[in-house]
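Below you'll find the structure, written out as structure tokens, and then a few comments.
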Amino acid sequence: SSVAAKYNGQHNQKAAWVEEGKKLTFHAHADEGGVGSSLFDDHAYGKCGSRVCKQDFSETYEVETVDFVGYLRRIALPHDMIILRMDIEGAEYEVARRMVTEGVACWIDFWEFEGHALYSPATAKYRPVDAVLPWLLKDCGVKMVVQDWYTEDWKVYSAWNESDACKLCPLPVISDDLLATSSDHN
């Protein structure tokens, strides 16, 4: 892309994943908010809650993958300044886990992580990762911001049953200060 060229960067039109050369199927959606996709066909945007409901949720497309850890190792070194914006529509939890287990997560200086745990029942199990990941990586110097539009995005918010206990739960913040305080009382 022209932005990548302008800043001596690289543009790689592939889906970030944990393996090279696979095909991931994305489920498209479009509404008044724009065009997007998800790895999951039961995502919040798959329900027509829009005031302008001209969406065709049947469209799917395949995207070739890039092994993100391998890619990062090819283009960067641990001491490089690395700023990462991760908004990969459901793949972020698998990719983040691989980054941690392969030892490259601590290479990141600033990481903006957009979590999609509550966008689909299939990904709800990853909700704790949104809280734990910044706490784990803080020890190696990673400054991390988790974007989780769960309560701000009305489609995501309305996709969950009113009785869902986590619908209104804020992202927990894990702090060493809180851990020290709780252990002092035991």
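Labels for the structure tokens follow display order: chains A, B, ..., residues from 1 in each chain, ligands from 1.
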For A:Ser37, find every residue with an atom within 6 Å (counting only C-alpha atoms), except residues of its own chain fewer than 2 positions away, and show them as a list in words.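 The contact residues come out as Phe26, His27, Ala28 and His29 of chain A.
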How many Å separate atom CA of A:Glu94 from atom CA of A:Val18?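 About the pair atom CA of A:Glu94 and atom CA of A:Val18: they are 6.9 Å apart.
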Do a neighbour search on stretch 103-118 of chain A at 7 Å with only C-alpha atoms, toss out local chain neighbours closer than 6 positions, and write the hits as a count of residues only. 27
Ranking A:Val100, A:Ser2, A:Asp80, A:Thr25 by minimum distance to A:Leu136 and counting only C-alpha atoms, which one comes first?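 Once distances to A:Leu136 are computed over only C-alpha atoms, the minimum belongs to A:Val100.
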Would you work out the distance separating atom CA of A:Phe40 from atom CA of A:Glu102, expressed in Å to one decimal? 25.7 Å
Write out as a PyMOL selection string each polymer residue whose atoms come within 9 Å of A:His11, counting only C-alpha atoms; drop sequence neighbours fewer than 4 positions from it. chain A and resi 1-5
Mind giving me the straight-line distance from atom CA of A:Phe68 to atom CA of A:Asn8 in Å, one decimal? 19.3 Å
Point out the residue among A:Thr65, A:Gln10, A:Ser38, A:Thr60 with the least atom-to-atom distance to A:Lys23, counting only C-alpha atoms.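 When distances to A:Lys23 are compared using only C-alpha atoms, the smallest one comes from A:Thr65.
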